[in-house]
Amino acid sequence: MASKVAATSVELYGRAVGSTPTSRFHELVEGDADAFRLDEACLLIAAHARPGLDVGHYLERLDELAGQFLPPTFDGLLAHLFGPGGFTGNRERYYEPENSMLDRVLERRTGIPITLSVLAMEVGRRSGVPMWGISMPGHFLVRDKVDPAVFADPFHGGRLMTALDCRRLYRSLTGNQDWDDSYLRPVPRRAIVTRVLSNLKTVAAQRNDPGMLLWVMRLRQAIPEVAAEEQAEYARLAARFN
């Protein structure tokens, strides 16, 4: 199974080899909000932090993970990735930028909720285990497309959850007793990419790293939903490098 999937990933990525990471990222996110390859978009973000990153290599790493577990079920995938697979939430250094880079998550086998969820979603897509991303405020989760009543938390060992469990987690993390059922609705891939970049924007600002902030903002300008509202901020930042 792994070799068949690997050939597909390399073939798909090969169509864009002549593009720069920035132009290819634009090509992906400017189209249908939910029709592009999430793994490739996240790796293209990482390529801005690590120039020369071999995106195809990390797509193959994901292909390999997809061939390492049975049965191909939602709980089986999660049990493998966050059990024998060794992936875990980075609780000690949560705000490291590497936690938002899919290549580094694959290398270090640790990350934050959103990147570990992307990992699960993309391995699941390859394995015939479909799942949605759930952009709950304060914590990212995944949801089983086969049984939509089942959720999971990749950051906490891939534990399975009900909607009530998700609500309790939200309240424990945020201290907010208000709740809206829309928090558990699936979000399109472009919204997931936006949240990854939002995390990196916050990290860059906290670290006072204008170079990192510039490329993060440049990528955010490619996303229709955020480009207009951040245009002035990006212009001010870019002027510092002119």
# chains A, B, ... in the order shown; residues from 1 in each chain; ligands from 1
>>> residues_around(residues="Gly175 in chain A", least_positions_apart="6", cutoff="12 Å", atoms="only C-alpha atoms", output="list in words")
Pro137, Gly138, Arg167, Arg168 and Leu169 of chain A
>>> residues_around(residues="range 80-96 of chain A", least_positions_apart="3", cutoff="6 Å", atoms="only C-alpha atoms", output="ChimeraX atom specification")
/A:77,99,109-112,155,157-158
>>> atom_distance(atom1="CA of Gly211 in chain A", atom2="CA of Arg50 in chain A")
12.8 Å
>>> closest_residue(among="A:Met161, A:Ile114, A:Glu40, A:Phe151", to="His139 in chain A", atoms="only C-alpha atoms")
A:Ile114
>>> closest_residue(among="A:Leu237, A:Ala232, A:Leu197, A:Ala191", to="Asp209 in chain A", atoms="only C-alpha atoms")
A:Leu237
>>> closest_atom_pairs(of="range 162-231 of chain A", to="range 42-48 of chain A", cutoff="8 Å", atoms="only C-alpha atoms", output="JSON lines")
{"residue": "A:Val193", "atom": "CA", "partner": "A:Cys42", "partner_atom": "CA", "distance": 6.9}
{"residue": "A:Trp215", "atom": "CA", "partner": "A:His48", "partner_atom": "CA", "distance": 7.1}
{"residue": "A:Leu219", "atom": "CA", "partner": "A:Ile45", "partner_atom": "CA", "distance": 7.9}
>>> closest_residue(among="A:Ser198, A:Thr73, A:Ser100, A:Ser182", to="Thr115 in chain A", atoms="only C-alpha atoms")
A:Ser100
>>> closest_residue(among="A:Met131, A:Ala238, A:Val55, A:Leu184", to="Ser19 in chain A", atoms="only C-alpha atoms")
A:Val55
>>> decode(residues="range 52-142 of chain A", atoms="C-alpha atoms", output="PDB file, in the first residue's frame")
ATOM      1  CA  GLY A  52      15.642  24.377   0.012  1.00  0.00           C
ATOM      2  CA  LEU A  53      13.354  22.033   1.935  1.00  0.00           C
ATOM      3  CA  ASP A  54      12.649  18.864  -0.046  1.00  0.00           C
ATOM      4  CA  VAL A  55       8.851  18.886   0.067  1.00  0.00           C
ATOM      5  CA  GLY A  56       8.617  15.666  -1.951  1.00  0.00           C
ATOM      6  CA  HIS A  57      10.704  13.829   0.638  1.00  0.00           C
ATOM      7  CA  TYR A  58       8.286  14.686   3.440  1.00  0.00           C
ATOM      8  CA  LEU A  59       5.281  13.767   1.315  1.00  0.00           C
ATOM      9  CA  GLU A  60       6.897  10.346   0.980  1.00  0.00           C
ATOM     10  CA  ARG A  61       7.372  10.207   4.756  1.00  0.00           C
ATOM     11  CA  LEU A  62       3.617  10.645   5.113  1.00  0.00           C
ATOM     12  CA  ASP A  63       3.067   7.930   2.507  1.00  0.00           C
ATOM     13  CA  GLU A  64       5.219   5.565   4.523  1.00  0.00           C
ATOM     14  CA  LEU A  65       3.232   6.232   7.686  1.00  0.00           C
ATOM     15  CA  ALA A  66       0.037   5.378   5.828  1.00  0.00           C
ATOM     16  CA  GLY A  67       1.296   1.874   5.159  1.00  0.00           C
ATOM     17  CA  GLN A  68       2.280   1.039   8.730  1.00  0.00           C
ATOM     18  CA  PHE A  69      -0.983   0.259  10.499  1.00  0.00           C
ATOM     19  CA  LEU A  70      -3.986  -2.048  10.402  1.00  0.00           C
ATOM     20  CA  PRO A  71      -6.922  -1.991  10.544  1.00  0.00           C
ATOM     21  CA  PRO A  72      -7.510   1.136   8.428  1.00  0.00           C
ATOM     22  CA  THR A  73     -10.004   2.678  10.831  1.00  0.00           C
ATOM     23  CA  PHE A  74     -10.254   6.013  12.632  1.00  0.00           C
ATOM     24  CA  ASP A  75      -9.362   4.601  16.041  1.00  0.00           C
ATOM     25  CA  GLY A  76      -6.776   2.225  14.541  1.00  0.00           C
ATOM     26  CA  LEU A  77      -4.937   5.085  12.824  1.00  0.00           C
ATOM     27  CA  LEU A  78      -4.921   7.245  15.946  1.00  0.00           C
ATOM     28  CA  ALA A  79      -3.847   4.367  18.174  1.00  0.00           C
ATOM     29  CA  HIS A  80      -0.870   3.710  15.896  1.00  0.00           C
ATOM     30  CA  LEU A  81       0.316   7.271  15.264  1.00  0.00           C
ATOM     31  CA  PHE A  82       0.075   8.316  18.901  1.00  0.00           C
ATOM     32  CA  GLY A  83       1.084   4.957  20.325  1.00  0.00           C
ATOM     33  CA  PRO A  84       3.744   2.841  18.548  1.00  0.00           C
ATOM     34  CA  GLY A  85       4.207   5.613  15.969  1.00  0.00           C
ATOM     35  CA  GLY A  86       5.614   7.795  18.732  1.00  0.00           C
ATOM     36  CA  PHE A  87       3.943  11.122  17.913  1.00  0.00           C
ATOM     37  CA  THR A  88       3.112  13.235  20.936  1.00  0.00           C
ATOM     38  CA  GLY A  89       2.129  16.743  21.971  1.00  0.00           C
ATOM     39  CA  ASN A  90       4.979  19.107  22.804  1.00  0.00           C
ATOM     40  CA  ARG A  91       3.847  20.336  26.203  1.00  0.00           C
ATOM     41  CA  GLU A  92       7.250  21.580  27.393  1.00  0.00           C
ATOM     42  CA  ARG A  93       8.014  23.839  24.408  1.00  0.00           C
ATOM     43  CA  TYR A  94       4.579  24.489  23.027  1.00  0.00           C
ATOM     44  CA  TYR A  95       5.415  27.854  21.431  1.00  0.00           C
ATOM     45  CA  GLU A  96       8.462  26.770  19.447  1.00  0.00           C
ATOM     46  CA  PRO A  97       7.977  27.658  15.757  1.00  0.00           C
ATOM     47  CA  GLU A  98       9.096  24.138  14.822  1.00  0.00           C
ATOM     48  CA  ASN A  99       5.836  22.823  16.261  1.00  0.00           C
ATOM     49  CA  SER A 100       3.996  24.577  13.435  1.00  0.00           C
ATOM     50  CA  MET A 101       6.264  23.130  10.710  1.00  0.00           C
ATOM     51  CA  LEU A 102       5.031  19.790   9.365  1.00  0.00           C
ATOM     52  CA  ASP A 103       8.524  18.668   8.331  1.00  0.00           C
ATOM     53  CA  ARG A 104       9.832  19.196  11.864  1.00  0.00           C
ATOM     54  CA  VAL A 105       6.815  17.432  13.341  1.00  0.00           C
ATOM     55  CA  LEU A 106       7.663  14.421  11.177  1.00  0.00           C
ATOM     56  CA  GLU A 107      11.321  14.534  12.198  1.00  0.00           C
ATOM     57  CA  ARG A 108      10.874  15.195  15.910  1.00  0.00           C
ATOM     58  CA  ARG A 109       7.558  13.321  16.300  1.00  0.00           C
ATOM     59  CA  THR A 110       6.123  16.114  18.398  1.00  0.00           C
ATOM     60  CA  GLY A 111       3.957  19.121  17.684  1.00  0.00           C
ATOM     61  CA  ILE A 112       0.934  21.155  18.680  1.00  0.00           C
ATOM     62  CA  PRO A 113      -2.749  20.255  18.231  1.00  0.00           C
ATOM     63  CA  ILE A 114      -3.147  21.642  14.720  1.00  0.00           C
ATOM     64  CA  THR A 115      -0.031  20.097  13.156  1.00  0.00           C
ATOM     65  CA  LEU A 116      -0.644  16.731  14.812  1.00  0.00           C
ATOM     66  CA  SER A 117      -4.202  16.909  13.484  1.00  0.00           C
ATOM     67  CA  VAL A 118      -2.920  17.698   9.977  1.00  0.00           C
ATOM     68  CA  LEU A 119      -0.628  14.696  10.302  1.00  0.00           C
ATOM     69  CA  ALA A 120      -3.566  12.450  11.231  1.00  0.00           C
ATOM     70  CA  MET A 121      -5.779  13.852   8.484  1.00  0.00           C
ATOM     71  CA  GLU A 122      -3.177  13.415   5.760  1.00  0.00           C
ATOM     72  CA  VAL A 123      -2.185   9.898   6.827  1.00  0.00           C
ATOM     73  CA  GLY A 124      -5.906   9.135   7.011  1.00  0.00           C
ATOM     74  CA  ARG A 125      -6.521  10.485   3.519  1.00  0.00           C
ATOM     75  CA  ARG A 126      -3.879   8.165   2.146  1.00  0.00           C
ATOM     76  CA  SER A 127      -5.216   5.177   4.079  1.00  0.00           C
ATOM     77  CA  GLY A 128      -8.898   5.534   3.330  1.00  0.00           C
ATOM     78  CA  VAL A 129      -9.664   6.837   6.826  1.00  0.00           C
ATOM     79  CA  PRO A 130     -11.428  10.151   6.164  1.00  0.00           C
ATOM     80  CA  MET A 131     -11.597  12.782   8.872  1.00  0.00           C
ATOM     81  CA  TRP A 132     -12.381  16.461   9.234  1.00  0.00           C
ATOM     82  CA  GLY A 133     -10.398  19.161  10.959  1.00  0.00           C
ATOM     83  CA  ILE A 134     -12.210  20.854  13.851  1.00  0.00           C
ATOM     84  CA  SER A 135     -10.933  24.348  14.622  1.00  0.00           C
ATOM     85  CA  MET A 136     -12.372  24.597  18.130  1.00  0.00           C
ATOM     86  CA  PRO A 137     -11.276  27.807  19.880  1.00  0.00           C
ATOM     87  CA  GLY A 138      -8.248  27.068  22.031  1.00  0.00           C
ATOM     88  CA  HIS A 139      -7.595  23.567  20.711  1.00  0.00           C
ATOM     89  CA  PHE A 140      -7.624  21.804  17.338  1.00  0.00           C
ATOM     90  CA  LEU A 141      -9.294  18.379  17.004  1.00  0.00           C
ATOM     91  CA  VAL A 142     -10.257  15.858  14.334  1.00  0.00           C
TER      92      VAL A 142
END
